[in-house]
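Each remark here refers to the structure printed beneath this line.
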Amino acid sequence: MSIFDGKRLTNETFKLDIDRMRRGWYSDKYFANINAMLNTLAAEGYTYSGKHHNLPPQFSPENIAVGDIEVEMQWFTRRVGATVVVGVDKALAMLKHCTGYFDGDKFIDTSDQLEVWAVHDGTTVTSDGNPLHVQPVLKVRGRYRDFALLETPTLGILTRASRVATNVYETLSAAQGKPVLFFPARFDLHEVQAADGYAYNIAVQRFNHDYAQKLGPFVSTDAQGDWWGGAGGGTVAHAAIASFLGDTAEAMMAFARVLPASIPRIALVDFNNDCVRDSLLVLDAMFAKYRELMESGDETEAAKYKLYGVRLDTSGSLRDMSVTPIGDPALDLGVTPRLVFNVRQALDSAWERWNPDSAWKEPAREFCRSVKIVVSGGFAPEKIRKFEKLGVPVDIYAVGSYLFNNNGTTVSDFTGDVVRVKVHGEWVDMAKVGRKPLDNPNLERVW
């Protein structure tokens with residue numbers, strides 16, 4: 001599955017559309033055109049007949065069967081800094097099941113004639129942006145026409161999955177070890193959820209490995225956990241609160257009563273744009289029921305009314321009722337440090353209003369102070385770092401669209417280059433200007 005367990009995922013997980021991938025359905029058309037040309041030249045027995053070749057003088061250009069030319073190809077990214085590589089296993093599955101050619105309607109599988117080296121998912125590579133200094137994550141030697149059609153889909157999965165994983169990793173680093181919930185599912189097609197959730201999980205494992213942490217993965221859909229056995233989790237949507245006529249406390253009481261205790265009770269408290277008020281209303285109602293059930297001896301049912309956290313999701317165009325206006329939108333609107341401090345202070349002191357007797361004084365205080373604060377809405381590493389620098393009492397960050405970001409420093413586009421060709425039994429460097437064969441100590445022979 002990754003560098004962390006030394007195993008690789010197979011097509012039992014990916015369920016590739018093998019027939020159409022073999023026919024170039026997912027390939028840029030110029031690869032299909034080249035594939036058709038090389039197949040035709042091979043059938044004709046064509047040999048190179050040009051004059052302006054780049055062969056070293058010791059190599060003769062005669063009798064080189066271009067249609068059957070064997071090449072060495074390398075896949076790499078130029079994202080500056082470190083990239084958490086994901087998508088290798090799926091790229092390998094494509095090569096394993098879709099390398100070959102059609103003889104009429106029959107597909108001739110030639111994947112066993114390839115030589116393949118690859119890193120594991122979860123490996124990091126570094127680059128200064130110069131393609132002469134990159135670290136390949138995949139290297140293949142074989143007859144080019146047999147795998148030419150796979151350049152597009154292999155680059156696609158490496159680019160997408162590595163970008164998501166690296167964005168997640170940088171977000172985790174900004175959060176300094178606090179959990180980051182994976183909330184971008186609504187911002188892209190549902191078909192990408194399994195790959196994206198896998199990339200997120202690999203990034204969490206990479207972060208734990210690098211920083212000796214034990215963070216768990218938190219995805220929002222079951223599809224995001226498909227490739228690694230995870231399952232989606234979540235809180236209460238704004239729509240649910242609307243269904244309870246805007247009564248957040250009543251919605252949470254119904255949620256607590258109906259759903260199993262294994263689902264964390266996290267109240268979404270910004271529906272009425274008064275996070276302090278609604279946090280306290282939820283806290284009051286749930287503690288009252290919790291205490292009632294505990295005193296009656298029903299600890300199992302009481303556990304359903306333990307408030308795990310509150311989530312602040314105030315729109316960036318609104319100022320929460322508890323936030324005194326300063327006149328600066330950056331300090332007044334949305335989920336601001338001042339809003340989080342206000343909610344934390346209100347939660348921590350709520351038990352004092354209940355005036356509990358001595359037996360319940362400490363449990364009441366603990367009930368309140370154990371409530372976690374989750375923030376969402378426009379969070380990215382820059383904003384998270386600011387919150388952490390200020391010591392804002394956030395326990396969990398929920399991050400959405402940023403994790404798909406593909407702009408400036410987050411561009412993780414992968415490239416595939418032919419860098420050598422086999423001439424008269426020997427490998428000869430043959431890369432376009434600005435490229436050359438490169439190595440990566442983490443590459444291992446796959447087959």
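Residue numbering restarts at 1 for every chain of the structure tokens, chains are lettered A, B, ... in their displayed order, and ligands are numbered from 1 as they appear.
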Run DSSP on the backbone and tell me which residues of region 75-284 of chain A come out as strand (DSSP E); list them as a PDB file with all heavy atoms, in the first residue's frame.
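Okay, result.pdb is ready:
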ATOM      1  N   TRP A  75       9.370   9.392 -15.092  1.00  0.00           N
ATOM      2  CA  TRP A  75       8.257  10.239 -14.662  1.00  0.00           C
ATOM      3  C   TRP A  75       8.727  11.063 -13.454  1.00  0.00           C
ATOM      4  O   TRP A  75       9.315  10.513 -12.520  1.00  0.00           O
ATOM      5  CB  TRP A  75       7.080   9.387 -14.226  1.00  0.00           C
ATOM      6  CG  TRP A  75       6.249   8.748 -15.293  1.00  0.00           C
ATOM      7  CD1 TRP A  75       4.962   9.067 -15.631  1.00  0.00           C
ATOM      8  CD2 TRP A  75       6.584   7.612 -16.119  1.00  0.00           C
ATOM      9  NE1 TRP A  75       4.493   8.225 -16.618  1.00  0.00           N
ATOM     10  CE2 TRP A  75       5.469   7.327 -16.943  1.00  0.00           C
ATOM     11  CE3 TRP A  75       7.740   6.823 -16.256  1.00  0.00           C
ATOM     12  CZ2 TRP A  75       5.459   6.291 -17.868  1.00  0.00           C
ATOM     13  CZ3 TRP A  75       7.736   5.797 -17.191  1.00  0.00           C
ATOM     14  CH2 TRP A  75       6.612   5.535 -17.986  1.00  0.00           C
ATOM     15  N   PHE A  76       8.444  12.357 -13.456  1.00  0.00           N
ATOM     16  CA  PHE A  76       8.913  13.205 -12.354  1.00  0.00           C
ATOM     17  C   PHE A  76       8.039  14.444 -12.226  1.00  0.00           C
ATOM     18  O   PHE A  76       7.280  14.810 -13.136  1.00  0.00           O
ATOM     19  CB  PHE A  76      10.365  13.632 -12.574  1.00  0.00           C
ATOM     20  CG  PHE A  76      10.559  14.498 -13.807  1.00  0.00           C
ATOM     21  CD1 PHE A  76      10.473  15.878 -13.723  1.00  0.00           C
ATOM     22  CD2 PHE A  76      10.837  13.911 -15.037  1.00  0.00           C
ATOM     23  CE1 PHE A  76      10.645  16.671 -14.854  1.00  0.00           C
ATOM     24  CE2 PHE A  76      11.003  14.701 -16.168  1.00  0.00           C
ATOM     25  CZ  PHE A  76      10.910  16.079 -16.073  1.00  0.00           C
ATOM     26  N   THR A  77       8.130  15.106 -11.059  1.00  0.00           N
ATOM     27  CA  THR A  77       7.484  16.393 -10.840  1.00  0.00           C
ATOM     28  C   THR A  77       8.539  17.445 -10.546  1.00  0.00           C
ATOM     29  O   THR A  77       9.596  17.139  -9.996  1.00  0.00           O
ATOM     30  CB  THR A  77       6.491  16.350  -9.661  1.00  0.00           C
ATOM     31  OG1 THR A  77       5.862  17.635  -9.534  1.00  0.00           O
ATOM     32  CG2 THR A  77       7.176  16.008  -8.355  1.00  0.00           C
ATOM     33  N   GLY A  81      10.571  22.231  -3.705  1.00  0.00           N
ATOM     34  CA  GLY A  81      10.560  21.729  -2.341  1.00  0.00           C
ATOM     35  C   GLY A  81      10.261  20.244  -2.337  1.00  0.00           C
ATOM     36  O   GLY A  81      10.611  19.519  -3.273  1.00  0.00           O
ATOM     37  N   ALA A  82       9.619  19.796  -1.291  1.00  0.00           N
ATOM     38  CA  ALA A  82       9.323  18.366  -1.144  1.00  0.00           C
ATOM     39  C   ALA A  82       7.919  18.050  -1.638  1.00  0.00           C
ATOM     40  O   ALA A  82       6.979  18.803  -1.404  1.00  0.00           O
ATOM     41  CB  ALA A  82       9.459  17.945   0.318  1.00  0.00           C
ATOM     42  N   THR A  83       7.800  16.924  -2.313  1.00  0.00           N
ATOM     43  CA  THR A  83       6.512  16.417  -2.778  1.00  0.00           C
ATOM     44  C   THR A  83       6.285  15.042  -2.175  1.00  0.00           C
ATOM     45  O   THR A  83       7.181  14.187  -2.217  1.00  0.00           O
ATOM     46  CB  THR A  83       6.479  16.302  -4.311  1.00  0.00           C
ATOM     47  OG1 THR A  83       6.630  17.599  -4.892  1.00  0.00           O
ATOM     48  CG2 THR A  83       5.162  15.688  -4.792  1.00  0.00           C
ATOM     49  N   VAL A  84       5.117  14.823  -1.594  1.00  0.00           N
ATOM     50  CA  VAL A  84       4.728  13.500  -1.118  1.00  0.00           C
ATOM     51  C   VAL A  84       4.128  12.764  -2.310  1.00  0.00           C
ATOM     52  O   VAL A  84       3.070  13.149  -2.818  1.00  0.00           O
ATOM     53  CB  VAL A  84       3.713  13.581   0.033  1.00  0.00           C
ATOM     54  CG1 VAL A  84       3.328  12.177   0.494  1.00  0.00           C
ATOM     55  CG2 VAL A  84       4.286  14.384   1.190  1.00  0.00           C
ATOM     56  N   GLY A 100       0.873  -3.281 -24.265  1.00  0.00           N
ATOM     57  CA  GLY A 100       0.757  -4.262 -25.345  1.00  0.00           C
ATOM     58  C   GLY A 100       0.188  -3.636 -26.593  1.00  0.00           C
ATOM     59  O   GLY A 100       0.237  -2.421 -26.781  1.00  0.00           O
ATOM     60  N   TYR A 101      -0.405  -4.472 -27.460  1.00  0.00           N
ATOM     61  CA  TYR A 101      -0.948  -3.963 -28.728  1.00  0.00           C
ATOM     62  C   TYR A 101      -2.075  -4.881 -29.180  1.00  0.00           C
ATOM     63  O   TYR A 101      -2.217  -6.018 -28.695  1.00  0.00           O
ATOM     64  CB  TYR A 101       0.152  -3.899 -29.793  1.00  0.00           C
ATOM     65  CG  TYR A 101       0.755  -5.243 -30.145  1.00  0.00           C
ATOM     66  CD1 TYR A 101       0.297  -5.987 -31.228  1.00  0.00           C
ATOM     67  CD2 TYR A 101       1.789  -5.784 -29.375  1.00  0.00           C
ATOM     68  CE1 TYR A 101       0.836  -7.229 -31.542  1.00  0.00           C
ATOM     69  CE2 TYR A 101       2.354  -7.013 -29.677  1.00  0.00           C
ATOM     70  CZ  TYR A 101       1.867  -7.722 -30.765  1.00  0.00           C
ATOM     71  OH  TYR A 101       2.398  -8.957 -31.065  1.00  0.00           O
ATOM     72  N   PHE A 102      -2.869  -4.392 -30.103  1.00  0.00           N
ATOM     73  CA  PHE A 102      -3.975  -5.168 -30.643  1.00  0.00           C
ATOM     74  C   PHE A 102      -3.563  -5.822 -31.955  1.00  0.00           C
ATOM     75  O   PHE A 102      -2.990  -5.179 -32.843  1.00  0.00           O
ATOM     76  CB  PHE A 102      -5.200  -4.281 -30.872  1.00  0.00           C
ATOM     77  CG  PHE A 102      -6.005  -4.040 -29.623  1.00  0.00           C
ATOM     78  CD1 PHE A 102      -5.782  -2.906 -28.860  1.00  0.00           C
ATOM     79  CD2 PHE A 102      -6.972  -4.948 -29.223  1.00  0.00           C
ATOM     80  CE1 PHE A 102      -6.517  -2.683 -27.696  1.00  0.00           C
ATOM     81  CE2 PHE A 102      -7.716  -4.736 -28.075  1.00  0.00           C
ATOM     82  CZ  PHE A 102      -7.482  -3.602 -27.302  1.00  0.00           C
ATOM     83  N   ASP A 103      -3.856  -7.096 -32.052  1.00  0.00           N
ATOM     84  CA  ASP A 103      -3.725  -7.839 -33.298  1.00  0.00           C
ATOM     85  C   ASP A 103      -5.146  -8.148 -33.740  1.00  0.00           C
ATOM     86  O   ASP A 103      -5.750  -9.134 -33.297  1.00  0.00           O
ATOM     87  CB  ASP A 103      -2.927  -9.122 -33.069  1.00  0.00           C
ATOM     88  CG  ASP A 103      -2.705  -9.908 -34.358  1.00  0.00           C
ATOM     89  OD1 ASP A 103      -3.138  -9.415 -35.422  1.00  0.00           O
ATOM     90  OD2 ASP A 103      -2.126 -11.012 -34.299  1.00  0.00           O
ATOM     91  N   LYS A 106      -7.776  -8.860 -30.917  1.00  0.00           N
ATOM     92  CA  LYS A 106      -7.120  -9.526 -29.790  1.00  0.00           C
ATOM     93  C   LYS A 106      -5.999  -8.654 -29.236  1.00  0.00           C
ATOM     94  O   LYS A 106      -5.143  -8.169 -29.983  1.00  0.00           O
ATOM     95  CB  LYS A 106      -6.560 -10.883 -30.216  1.00  0.00           C
ATOM     96  CG  LYS A 106      -5.912 -11.663 -29.076  1.00  0.00           C
ATOM     97  CD  LYS A 106      -5.381 -13.002 -29.547  1.00  0.00           C
ATOM     98  CE  LYS A 106      -4.728 -13.773 -28.405  1.00  0.00           C
ATOM     99  NZ  LYS A 106      -4.168 -15.074 -28.863  1.00  0.00           N
ATOM    100  N   PHE A 107      -5.990  -8.469 -27.920  1.00  0.00           N
ATOM    101  CA  PHE A 107      -4.935  -7.681 -27.291  1.00  0.00           C
ATOM    102  C   PHE A 107      -3.791  -8.601 -26.897  1.00  0.00           C
ATOM    103  O   PHE A 107      -3.986  -9.613 -26.219  1.00  0.00           O
ATOM    104  CB  PHE A 107      -5.465  -6.961 -26.048  1.00  0.00           C
ATOM    105  CG  PHE A 107      -4.444  -6.040 -25.411  1.00  0.00           C
ATOM    106  CD1 PHE A 107      -4.154  -4.812 -25.980  1.00  0.00           C
ATOM    107  CD2 PHE A 107      -3.776  -6.419 -24.245  1.00  0.00           C
ATOM    108  CE1 PHE A 107      -3.210  -3.964 -25.408  1.00  0.00           C
ATOM    109  CE2 PHE A 107      -2.836  -5.576 -23.665  1.00  0.00           C
ATOM    110  CZ  PHE A 107      -2.547  -4.341 -24.248  1.00  0.00           C
ATOM    111  N   ILE A 108      -2.595  -8.238 -27.329  1.00  0.00           N
ATOM    112  CA  ILE A 108      -1.395  -9.004 -26.998  1.00  0.00           C
ATOM    113  C   ILE A 108      -0.705  -8.294 -25.839  1.00  0.00           C
ATOM    114  O   ILE A 108      -0.169  -7.196 -25.994  1.00  0.00           O
ATOM    115  CB  ILE A 108      -0.433  -9.109 -28.201  1.00  0.00           C
ATOM    116  CG1 ILE A 108      -1.176  -9.617 -29.444  1.00  0.00           C
ATOM    117  CG2 ILE A 108       0.748 -10.003 -27.846  1.00  0.00           C
ATOM    118  CD1 ILE A 108      -1.819 -10.974 -29.275  1.00  0.00           C
ATOM    119  N   ASP A 109      -0.708  -8.912 -24.684  1.00  0.00           N
ATOM    120  CA  ASP A 109      -0.126  -8.329 -23.469  1.00  0.00           C
ATOM    121  C   ASP A 109       1.387  -8.520 -23.491  1.00  0.00           C
ATOM    122  O   ASP A 109       1.881  -9.646 -23.526  1.00  0.00           O
ATOM    123  CB  ASP A 109      -0.734  -9.023 -22.247  1.00  0.00           C
ATOM    124  CG  ASP A 109      -0.265  -8.415 -20.924  1.00  0.00           C
ATOM    125  OD1 ASP A 109       0.747  -7.695 -20.912  1.00  0.00           O
ATOM    126  OD2 ASP A 109      -0.923  -8.667 -19.900  1.00  0.00           O
ATOM    127  N   GLU A 115      10.881  -3.457 -18.266  1.00  0.00           N
ATOM    128  CA  GLU A 115      11.656  -3.369 -17.035  1.00  0.00           C
ATOM    129  C   GLU A 115      11.142  -2.126 -16.308  1.00  0.00           C
ATOM    130  O   GLU A 115      11.135  -1.032 -16.880  1.00  0.00           O
ATOM    131  CB  GLU A 115      13.146  -3.218 -17.331  1.00  0.00           C
ATOM    132  CG  GLU A 115      13.773  -4.424 -18.019  1.00  0.00           C
ATOM    133  CD  GLU A 115      15.242  -4.175 -18.310  1.00  0.00           C
ATOM    134  OE1 GLU A 115      16.021  -3.948 -17.350  1.00  0.00           O
ATOM    135  OE2 GLU A 115      15.615  -4.182 -19.497  1.00  0.00           O
ATOM    136  N   VAL A 116      10.703  -2.314 -15.069  1.00  0.00           N
ATOM    137  CA  VAL A 116      10.023  -1.231 -14.359  1.00  0.00           C
ATOM    138  C   VAL A 116      10.656  -1.016 -12.994  1.00  0.00           C
ATOM    139  O   VAL A 116      10.874  -1.969 -12.231  1.00  0.00           O
ATOM    140  CB  VAL A 116       8.522  -1.550 -14.181  1.00  0.00           C
ATOM    141  CG1 VAL A 116       7.814  -0.404 -13.456  1.00  0.00           C
ATOM    142  CG2 VAL A 116       7.863  -1.797 -15.542  1.00  0.00           C
ATOM    143  N   TRP A 117      10.963   0.251 -12.693  1.00  0.00           N
ATOM    144  CA  TRP A 117      11.424   0.668 -11.385  1.00  0.00           C
ATOM    145  C   TRP A 117      10.460   1.717 -10.849  1.00  0.00           C
ATOM    146  O   TRP A 117       9.958   2.554 -11.611  1.00  0.00           O
ATOM    147  CB  TRP A 117      12.812   1.294 -11.452  1.00  0.00           C
ATOM    148  CG  TRP A 117      13.913   0.372 -11.865  1.00  0.00           C
ATOM    149  CD1 TRP A 117      14.810  -0.261 -11.049  1.00  0.00           C
ATOM    150  CD2 TRP A 117      14.279   0.003 -13.208  1.00  0.00           C
ATOM    151  NE1 TRP A 117      15.703  -0.993 -11.771  1.00  0.00           N
ATOM    152  CE2 TRP A 117      15.408  -0.856 -13.111  1.00  0.00           C
ATOM    153  CE3 TRP A 117      13.754   0.309 -14.469  1.00  0.00           C
ATOM    154  CZ2 TRP A 117      16.005  -1.406 -14.240  1.00  0.00           C
ATOM    155  CZ3 TRP A 117      14.363  -0.239 -15.595  1.00  0.00           C
ATOM    156  CH2 TRP A 117      15.469  -1.093 -15.470  1.00  0.00           C
ATOM    157  N   ALA A 118      10.195   1.699  -9.560  1.00  0.00           N
ATOM    158  CA  ALA A 118       9.253   2.667  -8.995  1.00  0.00           C
ATOM    159  C   ALA A 118       9.555   2.895  -7.524  1.00  0.00           C
ATOM    160  O   ALA A 118      10.099   2.015  -6.840  1.00  0.00           O
ATOM    161  CB  ALA A 118       7.809   2.174  -9.155  1.00  0.00           C
ATOM    162  N   THR A 124       8.995  10.747  -0.476  1.00  0.00           N
ATOM    163  CA  THR A 124       9.117  12.164  -0.801  1.00  0.00           C
ATOM    164  C   THR A 124      10.249  12.358  -1.803  1.00  0.00           C
ATOM    165  O   THR A 124      11.262  11.655  -1.766  1.00  0.00           O
ATOM    166  CB  THR A 124       9.412  13.026   0.447  1.00  0.00           C
ATOM    167  OG1 THR A 124      10.602  12.553   1.079  1.00  0.00           O
ATOM    168  CG2 THR A 124       8.257  12.964   1.430  1.00  0.00           C
ATOM    169  N   VAL A 125      10.024  13.301  -2.705  1.00  0.00           N
ATOM    170  CA  VAL A 125      11.071  13.721  -3.633  1.00  0.00           C
ATOM    171  C   VAL A 125      11.229  15.228  -3.498  1.00  0.00           C
ATOM    172  O   VAL A 125      10.301  15.923  -3.063  1.00  0.00           O
ATOM    173  CB  VAL A 125      10.742  13.357  -5.094  1.00  0.00           C
ATOM    174  CG1 VAL A 125      10.703  11.859  -5.279  1.00  0.00           C
ATOM    175  CG2 VAL A 125       9.418  13.989  -5.540  1.00  0.00           C
ATOM    176  N   THR A 126      12.378  15.731  -3.846  1.00  0.00           N
ATOM    177  CA  THR A 126      12.627  17.166  -3.745  1.00  0.00           C
ATOM    178  C   THR A 126      13.091  17.710  -5.088  1.00  0.00           C
ATOM    179  O   THR A 126      13.669  16.985  -5.902  1.00  0.00           O
ATOM    180  CB  THR A 126      13.688  17.486  -2.682  1.00  0.00           C
ATOM    181  OG1 THR A 126      14.906  16.804  -3.015  1.00  0.00           O
ATOM    182  CG2 THR A 126      13.226  17.046  -1.305  1.00  0.00           C
ATOM    183  N   SER A 127      12.831  18.988  -5.293  1.00  0.00           N
ATOM    184  CA  SER A 127      13.242  19.637  -6.529  1.00  0.00           C
ATOM    185  C   SER A 127      13.436  21.124  -6.280  1.00  0.00           C
ATOM    186  O   SER A 127      12.753  21.713  -5.427  1.00  0.00           O
ATOM    187  CB  SER A 127      12.187  19.427  -7.627  1.00  0.00           C
ATOM    188  OG  SER A 127      12.486  20.200  -8.777  1.00  0.00           O
ATOM    189  N   LEU A 138       9.236   6.977 -11.247  1.00  0.00           N
ATOM    190  CA  LEU A 138       8.906   5.797 -12.044  1.00  0.00           C
ATOM    191  C   LEU A 138       9.842   5.786 -13.250  1.00  0.00           C
ATOM    192  O   LEU A 138      10.099   6.831 -13.861  1.00  0.00           O
ATOM    193  CB  LEU A 138       7.445   5.874 -12.499  1.00  0.00           C
ATOM    194  CG  LEU A 138       6.854   4.725 -13.320  1.00  0.00           C
ATOM    195  CD1 LEU A 138       6.842   3.428 -12.499  1.00  0.00           C
ATOM    196  CD2 LEU A 138       5.425   5.075 -13.746  1.00  0.00           C
ATOM    197  N   LYS A 139      10.372   4.613 -13.562  1.00  0.00           N
ATOM    198  CA  LYS A 139      11.241   4.465 -14.725  1.00  0.00           C
ATOM    199  C   LYS A 139      10.873   3.166 -15.429  1.00  0.00           C
ATOM    200  O   LYS A 139      10.711   2.119 -14.785  1.00  0.00           O
ATOM    201  CB  LYS A 139      12.710   4.442 -14.305  1.00  0.00           C
ATOM    202  CG  LYS A 139      13.680   4.348 -15.478  1.00  0.00           C
ATOM    203  CD  LYS A 139      15.130   4.567 -15.042  1.00  0.00           C
ATOM    204  CE  LYS A 139      15.679   3.384 -14.285  1.00  0.00           C
ATOM    205  NZ  LYS A 139      17.132   3.523 -14.004  1.00  0.00           N
ATOM    206  N   VAL A 140      10.733   3.253 -16.746  1.00  0.00           N
ATOM    207  CA  VAL A 140      10.316   2.090 -17.531  1.00  0.00           C
ATOM    208  C   VAL A 140      11.229   1.948 -18.739  1.00  0.00           C
ATOM    209  O   VAL A 140      11.529   2.934 -19.432  1.00  0.00           O
ATOM    210  CB  VAL A 140       8.851   2.230 -18.006  1.00  0.00           C
ATOM    211  CG1 VAL A 140       8.481   1.085 -18.939  1.00  0.00           C
ATOM    212  CG2 VAL A 140       7.907   2.255 -16.818  1.00  0.00           C
ATOM    213  N   ARG A 141      11.648   0.732 -19.002  1.00  0.00           N
ATOM    214  CA  ARG A 141      12.346   0.399 -20.230  1.00  0.00           C
ATOM    215  C   ARG A 141      11.527  -0.627 -20.995  1.00  0.00           C
ATOM    216  O   ARG A 141      11.085  -1.637 -20.425  1.00  0.00           O
ATOM    217  CB  ARG A 141      13.741  -0.177 -19.939  1.00  0.00           C
ATOM    218  CG  ARG A 141      14.772   0.852 -19.523  1.00  0.00           C
ATOM    219  CD  ARG A 141      16.123   0.199 -19.270  1.00  0.00           C
ATOM    220  NE  ARG A 141      17.181   1.199 -19.075  1.00  0.00           N
ATOM    221  CZ  ARG A 141      18.449   0.903 -18.836  1.00  0.00           C
ATOM    222  NH1 ARG A 141      18.827  -0.370 -18.757  1.00  0.00           N
ATOM    223  NH2 ARG A 141      19.346   1.867 -18.681  1.00  0.00           N
ATOM    224  N   GLY A 142      11.341  -0.363 -22.271  1.00  0.00           N
ATOM    225  CA  GLY A 142      10.584  -1.300 -23.082  1.00  0.00           C
ATOM    226  C   GLY A 142      10.249  -0.707 -24.428  1.00  0.00           C
ATOM    227  O   GLY A 142      10.612   0.438 -24.735  1.00  0.00           O
ATOM    228  N   ARG A 143       9.552  -1.479 -25.239  1.00  0.00           N
ATOM    229  CA  ARG A 143       9.166  -1.012 -26.572  1.00  0.00           C
ATOM    230  C   ARG A 143       8.129   0.104 -26.427  1.00  0.00           C
ATOM    231  O   ARG A 143       7.056  -0.102 -25.868  1.00  0.00           O
ATOM    232  CB  ARG A 143       8.610  -2.178 -27.388  1.00  0.00           C
ATOM    233  CG  ARG A 143       8.427  -1.851 -28.853  1.00  0.00           C
ATOM    234  CD  ARG A 143       8.196  -3.107 -29.665  1.00  0.00           C
ATOM    235  NE  ARG A 143       6.958  -3.779 -29.307  1.00  0.00           N
ATOM    236  CZ  ARG A 143       6.534  -4.906 -29.844  1.00  0.00           C
ATOM    237  NH1 ARG A 143       7.298  -5.505 -30.755  1.00  0.00           N
ATOM    238  NH2 ARG A 143       5.400  -5.457 -29.470  1.00  0.00           N
ATOM    239  N   VAL A 180      -6.458  17.309  11.095  1.00  0.00           N
ATOM    240  CA  VAL A 180      -7.020  18.039   9.961  1.00  0.00           C
ATOM    241  C   VAL A 180      -8.065  17.143   9.304  1.00  0.00           C
ATOM    242  O   VAL A 180      -7.745  16.044   8.830  1.00  0.00           O
ATOM    243  CB  VAL A 180      -5.930  18.420   8.943  1.00  0.00           C
ATOM    244  CG1 VAL A 180      -6.565  19.003   7.675  1.00  0.00           C
ATOM    245  CG2 VAL A 180      -4.956  19.429   9.552  1.00  0.00           C
ATOM    246  N   LEU A 181      -9.313  17.601   9.311  1.00  0.00           N
ATOM    247  CA  LEU A 181     -10.392  16.857   8.688  1.00  0.00           C
ATOM    248  C   LEU A 181     -10.367  17.100   7.183  1.00  0.00           C
ATOM    249  O   LEU A 181     -10.191  18.229   6.725  1.00  0.00           O
ATOM    250  CB  LEU A 181     -11.750  17.286   9.257  1.00  0.00           C
ATOM    251  CG  LEU A 181     -11.897  17.292  10.780  1.00  0.00           C
ATOM    252  CD1 LEU A 181     -13.335  17.655  11.162  1.00  0.00           C
ATOM    253  CD2 LEU A 181     -11.525  15.946  11.372  1.00  0.00           C
ATOM    254  N   PHE A 182     -10.586  16.046   6.408  1.00  0.00           N
ATOM    255  CA  PHE A 182     -10.524  16.119   4.950  1.00  0.00           C
ATOM    256  C   PHE A 182     -11.919  16.431   4.414  1.00  0.00           C
ATOM    257  O   PHE A 182     -12.767  15.553   4.306  1.00  0.00           O
ATOM    258  CB  PHE A 182     -10.009  14.778   4.413  1.00  0.00           C
ATOM    259  CG  PHE A 182      -9.641  14.783   2.962  1.00  0.00           C
ATOM    260  CD1 PHE A 182      -8.610  15.576   2.497  1.00  0.00           C
ATOM    261  CD2 PHE A 182     -10.303  13.966   2.062  1.00  0.00           C
ATOM    262  CE1 PHE A 182      -8.245  15.554   1.151  1.00  0.00           C
ATOM    263  CE2 PHE A 182      -9.954  13.930   0.726  1.00  0.00           C
ATOM    264  CZ  PHE A 182      -8.917  14.728   0.270  1.00  0.00           C
ATOM    265  N   ARG A 265     -20.325  13.698  18.913  1.00  0.00           N
ATOM    266  CA  ARG A 265     -21.338  14.758  18.901  1.00  0.00           C
ATOM    267  C   ARG A 265     -20.631  16.109  18.728  1.00  0.00           C
ATOM    268  O   ARG A 265     -20.062  16.654  19.667  1.00  0.00           O
ATOM    269  CB  ARG A 265     -22.124  14.763  20.200  1.00  0.00           C
ATOM    270  CG  ARG A 265     -23.312  13.801  20.246  1.00  0.00           C
ATOM    271  CD  ARG A 265     -22.959  12.356  20.035  1.00  0.00           C
ATOM    272  NE  ARG A 265     -24.162  11.533  20.247  1.00  0.00           N
ATOM    273  CZ  ARG A 265     -24.414  10.422  19.599  1.00  0.00           C
ATOM    274  NH1 ARG A 265     -23.551   9.954  18.704  1.00  0.00           N
ATOM    275  NH2 ARG A 265     -25.521   9.740  19.845  1.00  0.00           N
ATOM    276  N   ILE A 266     -20.625  16.611  17.503  1.00  0.00           N
ATOM    277  CA  ILE A 266     -20.009  17.899  17.208  1.00  0.00           C
ATOM    278  C   ILE A 266     -21.098  18.824  16.690  1.00  0.00           C
ATOM    279  O   ILE A 266     -21.662  18.600  15.616  1.00  0.00           O
ATOM    280  CB  ILE A 266     -18.870  17.769  16.177  1.00  0.00           C
ATOM    281  CG1 ILE A 266     -17.801  16.804  16.689  1.00  0.00           C
ATOM    282  CG2 ILE A 266     -18.263  19.145  15.885  1.00  0.00           C
ATOM    283  CD1 ILE A 266     -16.655  16.582  15.709  1.00  0.00           C
ATOM    284  N   ALA A 267     -21.400  19.850  17.448  1.00  0.00           N
ATOM    285  CA  ALA A 267     -22.482  20.765  17.095  1.00  0.00           C
ATOM    286  C   ALA A 267     -21.981  21.844  16.147  1.00  0.00           C
ATOM    287  O   ALA A 267     -20.952  22.472  16.394  1.00  0.00           O
ATOM    288  CB  ALA A 267     -23.053  21.398  18.360  1.00  0.00           C
ATOM    289  N   LEU A 268     -22.728  22.075  15.090  1.00  0.00           N
ATOM    290  CA  LEU A 268     -22.441  23.164  14.162  1.00  0.00           C
ATOM    291  C   LEU A 268     -23.188  24.396  14.692  1.00  0.00           C
ATOM    292  O   LEU A 268     -24.415  24.438  14.700  1.00  0.00           O
ATOM    293  CB  LEU A 268     -22.939  22.776  12.777  1.00  0.00           C
ATOM    294  CG  LEU A 268     -22.644  23.684  11.601  1.00  0.00           C
ATOM    295  CD1 LEU A 268     -21.160  23.981  11.481  1.00  0.00           C
ATOM    296  CD2 LEU A 268     -23.153  23.047  10.315  1.00  0.00           C
TER     297      LEU A 268
END
*Distance query Pro393 (chain A) at most 7 Å, only C-alpha atoms, self and fewer than 2 positions along chain excluded, as a list in words*: Val340, Phe341, Gly391 and Asp395 of chain A
Which residues are near Gly234 (chain A)? Cut-off 7 Å, only C-alpha atoms, ignore same chain within fewer than 2 positions. Put them as a tab-separated table (two decimals) with N, CA, C and O atoms, in the first residue's frame.
chain	number	residue	atom	x	y	z
A	220	SER	N	-14.62	12.48	5.07
A	220	SER	CA	-16.04	12.80	5.21
A	220	SER	C	-16.96	11.88	4.42
A	220	SER	O	-18.18	11.91	4.61
A	232	GLY	N	-16.24	7.25	6.22
A	232	GLY	CA	-16.54	8.66	6.41
A	232	GLY	C	-17.13	8.94	7.78
A	232	GLY	O	-17.79	8.10	8.38
A	236	VAL	N	-23.24	17.62	12.05
A	236	VAL	CA	-24.61	17.97	11.68
A	236	VAL	C	-24.55	19.10	10.66
A	236	VAL	O	-23.86	20.09	10.87
